[in-house]
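Heads up, the thing below is written out as structure tokens.
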Amino acid sequence: MQELIHFTVQKIKELLEHFNDVQALYLSKSFDFDARLDVFLNEVLEYFRTKGNTSHESEVLKIMNMISTVKRGFNPIKMEKIMTGRRELLGGFSFNGMESMYGILMEIYAKENKKLDDAEELISGIIVSLYQNGILDDEKLKDMNSIPKIERFWTSLVEQNTAISGINKKLRLTIIPEDIYIILEKVFLKLI
């Protein structure tokens, strides 16, 4: 089942904010860093589990296991007992893990935002065309001040116009109807 893209973008944004907090703790060599990194990784892990994204879940578990192995006194690469420099090695693996998480989160964020941007571009073109053809005007736009009204408007357009129906089908391949309505609201607010 598809998820609301706007929700995904918001959740990834929240995770990136938490990531920034953890990064700041790492930079300041805070004693809270290890605990906060664990909390952050568990939060990301839970998010990927909830979404059913097993490949990203595996990546988070791999990072957690490498850090855990260092904490137990073993080098996860060489599988040898760490005799000296455990704290430095832990810092290195923690940093490496954070970099991997950042890459994953930014990849998802960029991909989901691209879907929304592409959909907004398509929808904006339709709305401008409707405006130019006199189907929409400022009064009608002002009247569409809620998602149910926008939904009814969009549904009637899709039912009456085969070109818009085709565009709606194209949009539905990447986003769900609720995303379409939110994008429409955003476009309408720009035009009012």
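As shown in the structure tokens, the chain order sets the letters A, B, ...; within each chain, residues go from 1, and ligands are also counted from 1 in the order they appear.
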
Q) What lies within 12 Å of Thr155 in chain A using only C-alpha atoms, ignoring chain neighbours under 4 positions off, as a PyMOL selection string? A) chain A and resi 147-151+159-162+164-165+168+177-178+180-181

Q: Name the residues in contact with Asn145 in chain A at a cut-off of 12 Å, using only C-alpha atoms, excluding same-chain residues fewer than 5 positions from it; report them as a PyMOL selection string.
A: chain A and resi 139-140+150-153+181-182+184-189+192

For all heavy atoms, I'd like the residues from the last selection saved as a tab-separated table (two decimals), in the first residue's frame.
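Result written to out.tsv:
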```
chain	number	residue	atom	x	y	z
A	139	GLU	N	-12.74	33.77	-7.63
A	139	GLU	CA	-13.85	33.45	-6.72
A	139	GLU	C	-13.92	31.94	-6.45
A	139	GLU	O	-14.09	31.51	-5.32
A	139	GLU	CB	-15.18	33.96	-7.28
A	139	GLU	CG	-15.36	35.45	-7.16
A	139	GLU	CD	-15.23	35.95	-5.73
A	139	GLU	OE1	-15.87	35.37	-4.82
A	139	GLU	OE2	-14.47	36.91	-5.52
A	140	LYS	N	-13.81	31.16	-7.50
A	140	LYS	CA	-13.85	29.70	-7.35
A	140	LYS	C	-12.67	29.20	-6.52
A	140	LYS	O	-12.80	28.28	-5.72
A	140	LYS	CB	-13.89	29.01	-8.71
A	140	LYS	CG	-15.20	29.15	-9.43
A	140	LYS	CD	-15.18	28.45	-10.76
A	140	LYS	CE	-16.49	28.68	-11.51
A	140	LYS	NZ	-16.46	28.19	-12.87
A	150	ILE	N	-11.84	20.60	-2.39
A	150	ILE	CA	-10.82	20.37	-3.41
A	150	ILE	C	-10.99	18.98	-4.01
A	150	ILE	O	-10.89	18.80	-5.22
A	150	ILE	CB	-9.41	20.58	-2.82
A	150	ILE	CG1	-9.20	22.06	-2.49
A	150	ILE	CG2	-8.34	20.07	-3.77
A	150	ILE	CD1	-7.95	22.35	-1.69
A	151	GLU	N	-11.28	18.00	-3.16
A	151	GLU	CA	-11.48	16.63	-3.63
A	151	GLU	C	-12.67	16.55	-4.59
A	151	GLU	O	-12.58	15.93	-5.66
A	151	GLU	CB	-11.71	15.69	-2.44
A	151	GLU	CG	-11.91	14.25	-2.84
A	151	GLU	CD	-12.14	13.33	-1.64
A	151	GLU	OE1	-12.05	13.79	-0.50
A	151	GLU	OE2	-12.43	12.15	-1.88
A	152	ARG	N	-13.78	17.19	-4.23
A	152	ARG	CA	-14.95	17.18	-5.12
A	152	ARG	C	-14.63	17.85	-6.46
A	152	ARG	O	-15.01	17.36	-7.52
A	152	ARG	CB	-16.14	17.89	-4.43
A	152	ARG	CG	-16.85	17.02	-3.41
A	152	ARG	CD	-18.18	17.63	-2.98
A	152	ARG	NE	-18.04	18.93	-2.32
A	152	ARG	CZ	-17.75	19.10	-1.03
A	152	ARG	NH1	-17.57	18.05	-0.25
A	152	ARG	NH2	-17.66	20.30	-0.52
A	153	PHE	N	-13.91	18.98	-6.40
A	153	PHE	CA	-13.53	19.71	-7.60
A	153	PHE	C	-12.67	18.83	-8.50
A	153	PHE	O	-12.93	18.69	-9.70
A	153	PHE	CB	-12.78	21.00	-7.22
A	153	PHE	CG	-12.11	21.68	-8.37
A	153	PHE	CD1	-12.86	22.39	-9.30
A	153	PHE	CD2	-10.73	21.63	-8.53
A	153	PHE	CE1	-12.24	23.01	-10.37
A	153	PHE	CE2	-10.11	22.25	-9.59
A	153	PHE	CZ	-10.87	22.95	-10.52
A	181	TYR	N	-4.61	16.14	-3.47
A	181	TYR	CA	-5.44	17.19	-2.89
A	181	TYR	C	-4.59	18.21	-2.12
A	181	TYR	O	-4.85	19.41	-2.18
A	181	TYR	CB	-6.51	16.60	-1.97
A	181	TYR	CG	-7.33	15.50	-2.62
A	181	TYR	CD1	-7.74	14.40	-1.90
A	181	TYR	CD2	-7.66	15.55	-3.98
A	181	TYR	CE1	-8.47	13.38	-2.50
A	181	TYR	CE2	-8.39	14.53	-4.58
A	181	TYR	CZ	-8.79	13.45	-3.84
A	181	TYR	OH	-9.51	12.45	-4.43
A	182	ILE	N	-3.58	17.72	-1.44
A	182	ILE	CA	-2.69	18.64	-0.70
A	182	ILE	C	-1.92	19.52	-1.68
A	182	ILE	O	-1.76	20.72	-1.45
A	182	ILE	CB	-1.74	17.84	0.23
A	182	ILE	CG1	-2.54	17.18	1.35
A	182	ILE	CG2	-0.66	18.75	0.81
A	182	ILE	CD1	-1.74	16.18	2.20
A	184	LEU	N	-2.91	20.34	-4.71
A	184	LEU	CA	-3.89	21.28	-5.26
A	184	LEU	C	-4.10	22.45	-4.31
A	184	LEU	O	-4.13	23.61	-4.73
A	184	LEU	CB	-5.23	20.58	-5.52
A	184	LEU	CG	-5.33	19.80	-6.83
A	184	LEU	CD1	-6.51	18.85	-6.79
A	184	LEU	CD2	-5.45	20.75	-8.01
A	185	GLU	N	-4.24	22.14	-3.03
A	185	GLU	CA	-4.42	23.20	-2.03
A	185	GLU	C	-3.23	24.17	-2.05
A	185	GLU	O	-3.40	25.39	-2.02
A	185	GLU	CB	-4.59	22.59	-0.64
A	185	GLU	CG	-4.79	23.61	0.46
A	185	GLU	CD	-4.95	22.98	1.83
A	185	GLU	OE1	-4.18	22.03	2.12
A	185	GLU	OE2	-5.80	23.44	2.60
A	186	LYS	N	-2.05	23.61	-2.13
A	186	LYS	CA	-0.81	24.41	-2.18
A	186	LYS	C	-0.80	25.32	-3.41
A	186	LYS	O	-0.47	26.51	-3.32
A	186	LYS	CB	0.40	23.46	-2.17
A	186	LYS	CG	1.73	24.10	-2.06
A	186	LYS	CD	2.78	22.97	-1.99
A	186	LYS	CE	4.17	23.49	-2.18
A	186	LYS	NZ	5.15	22.41	-2.23
A	187	VAL	N	-1.17	24.76	-4.57
A	187	VAL	CA	-1.21	25.54	-5.81
A	187	VAL	C	-2.26	26.65	-5.71
A	187	VAL	O	-2.02	27.80	-6.09
A	187	VAL	CB	-1.46	24.62	-7.02
A	187	VAL	CG1	-1.74	25.43	-8.29
A	187	VAL	CG2	-0.29	23.69	-7.24
A	188	PHE	N	-3.44	26.31	-5.18
A	188	PHE	CA	-4.50	27.31	-5.04
A	188	PHE	C	-4.06	28.45	-4.15
A	188	PHE	O	-4.34	29.62	-4.44
A	188	PHE	CB	-5.77	26.66	-4.47
A	188	PHE	CG	-6.47	25.71	-5.42
A	188	PHE	CD1	-7.38	24.79	-4.95
A	188	PHE	CD2	-6.21	25.73	-6.79
A	188	PHE	CE1	-8.02	23.91	-5.81
A	188	PHE	CE2	-6.85	24.86	-7.66
A	188	PHE	CZ	-7.74	23.96	-7.17
A	189	LEU	N	-3.38	28.11	-3.05
A	189	LEU	CA	-2.92	29.16	-2.13
A	189	LEU	C	-1.91	30.10	-2.79
A	189	LEU	O	-1.87	31.28	-2.49
A	189	LEU	CB	-2.32	28.55	-0.86
A	189	LEU	CG	-3.33	27.90	0.09
A	189	LEU	CD1	-2.62	27.16	1.21
A	189	LEU	CD2	-4.30	28.95	0.66
A	192	ILE	N	-4.05	32.55	-5.08
A	192	ILE	CA	-5.01	33.48	-4.44
A	192	ILE	C	-4.31	34.76	-4.05
A	192	ILE	O	-3.27	34.81	-3.54
A	192	ILE	CB	-5.69	32.84	-3.22
A	192	ILE	CG1	-6.59	31.70	-3.69
A	192	ILE	CG2	-6.50	33.86	-2.45
A	192	ILE	CD1	-7.26	30.93	-2.58
```

Q) Nearest to Thr50 in chain A among A:Lys169, A:Lys78, A:Asp118, A:Thr8, with distances taken over only C-alpha atoms: which residue is it? A) A:Thr8

Q. Mind checking DSSP for range 6-191 of chain A and telling me the alpha helix (DSSP H) residues as an MDAnalysis selection string?
A. chainID A and resid 6:27 33:51 54:71 86:132 138:143 147:160 162:172 177:191

Please list as a compact mmCIF listing (two decimals) with all heavy atoms, in the first residue's frame every residue within 10 Å of Arg172 in chain A, counting only C-alpha atoms and excluding residues in the same chain fewer than 6 positions away.
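Below is the file that was written, selection-v1.txt:
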```txt
# COMPACT_ATOMS: atom_id res chain seq x y z
N GLN A 2 0.50 2.21 -0.81
CA GLN A 2 1.26 3.46 -0.88
C GLN A 2 0.99 4.30 0.36
O GLN A 2 -0.10 4.28 0.93
CB GLN A 2 0.86 4.25 -2.11
CG GLN A 2 1.61 3.86 -3.36
CD GLN A 2 1.28 4.83 -4.49
OE1 GLN A 2 0.12 5.10 -4.74
NE2 GLN A 2 2.31 5.31 -5.14
N ALA A 119 4.71 16.07 -9.45
CA ALA A 119 3.24 16.12 -9.40
C ALA A 119 2.76 17.57 -9.35
O ALA A 119 1.78 17.92 -10.04
CB ALA A 119 2.74 15.35 -8.17
N GLY A 166 -6.42 11.16 -17.69
CA GLY A 166 -5.14 10.52 -18.00
C GLY A 166 -4.02 11.02 -17.11
O GLY A 166 -3.20 10.24 -16.62
N ASP A 179 -2.39 13.03 -1.52
CA ASP A 179 -1.25 13.88 -1.91
C ASP A 179 -1.68 14.87 -2.99
O ASP A 179 -1.28 16.03 -2.98
CB ASP A 179 -0.08 13.03 -2.43
CG ASP A 179 0.73 12.40 -1.32
OD1 ASP A 179 1.10 13.10 -0.37
OD2 ASP A 179 1.02 11.20 -1.43
N ILE A 180 -2.48 14.40 -3.93
CA ILE A 180 -2.96 15.27 -5.02
C ILE A 180 -3.75 16.43 -4.43
O ILE A 180 -3.54 17.58 -4.83
CB ILE A 180 -3.81 14.46 -6.03
CG1 ILE A 180 -2.95 13.42 -6.74
CG2 ILE A 180 -4.49 15.39 -7.03
CD1 ILE A 180 -3.73 12.43 -7.60
```

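The spacing separating CA of Met66 in chain A from CA of Gly97 in chain A amounts to 8.5 Å.
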
Q: Skip Asn75 in chain A itself and residues of its chain fewer than 6 positions away, then list as a VMD selection string all residues within 12 Å of it, counting only C-alpha atoms.
A: chain A and resid 65 to 69 81 to 90 92 to 93

Q. Separation of CA of Leu37 in chain A and CA of Tyr102 in chain A, in Å?
A.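 Taking CA of Leu37 in chain A as the start and CA of Tyr102 in chain A as the end point, the length is 12.6 Å.
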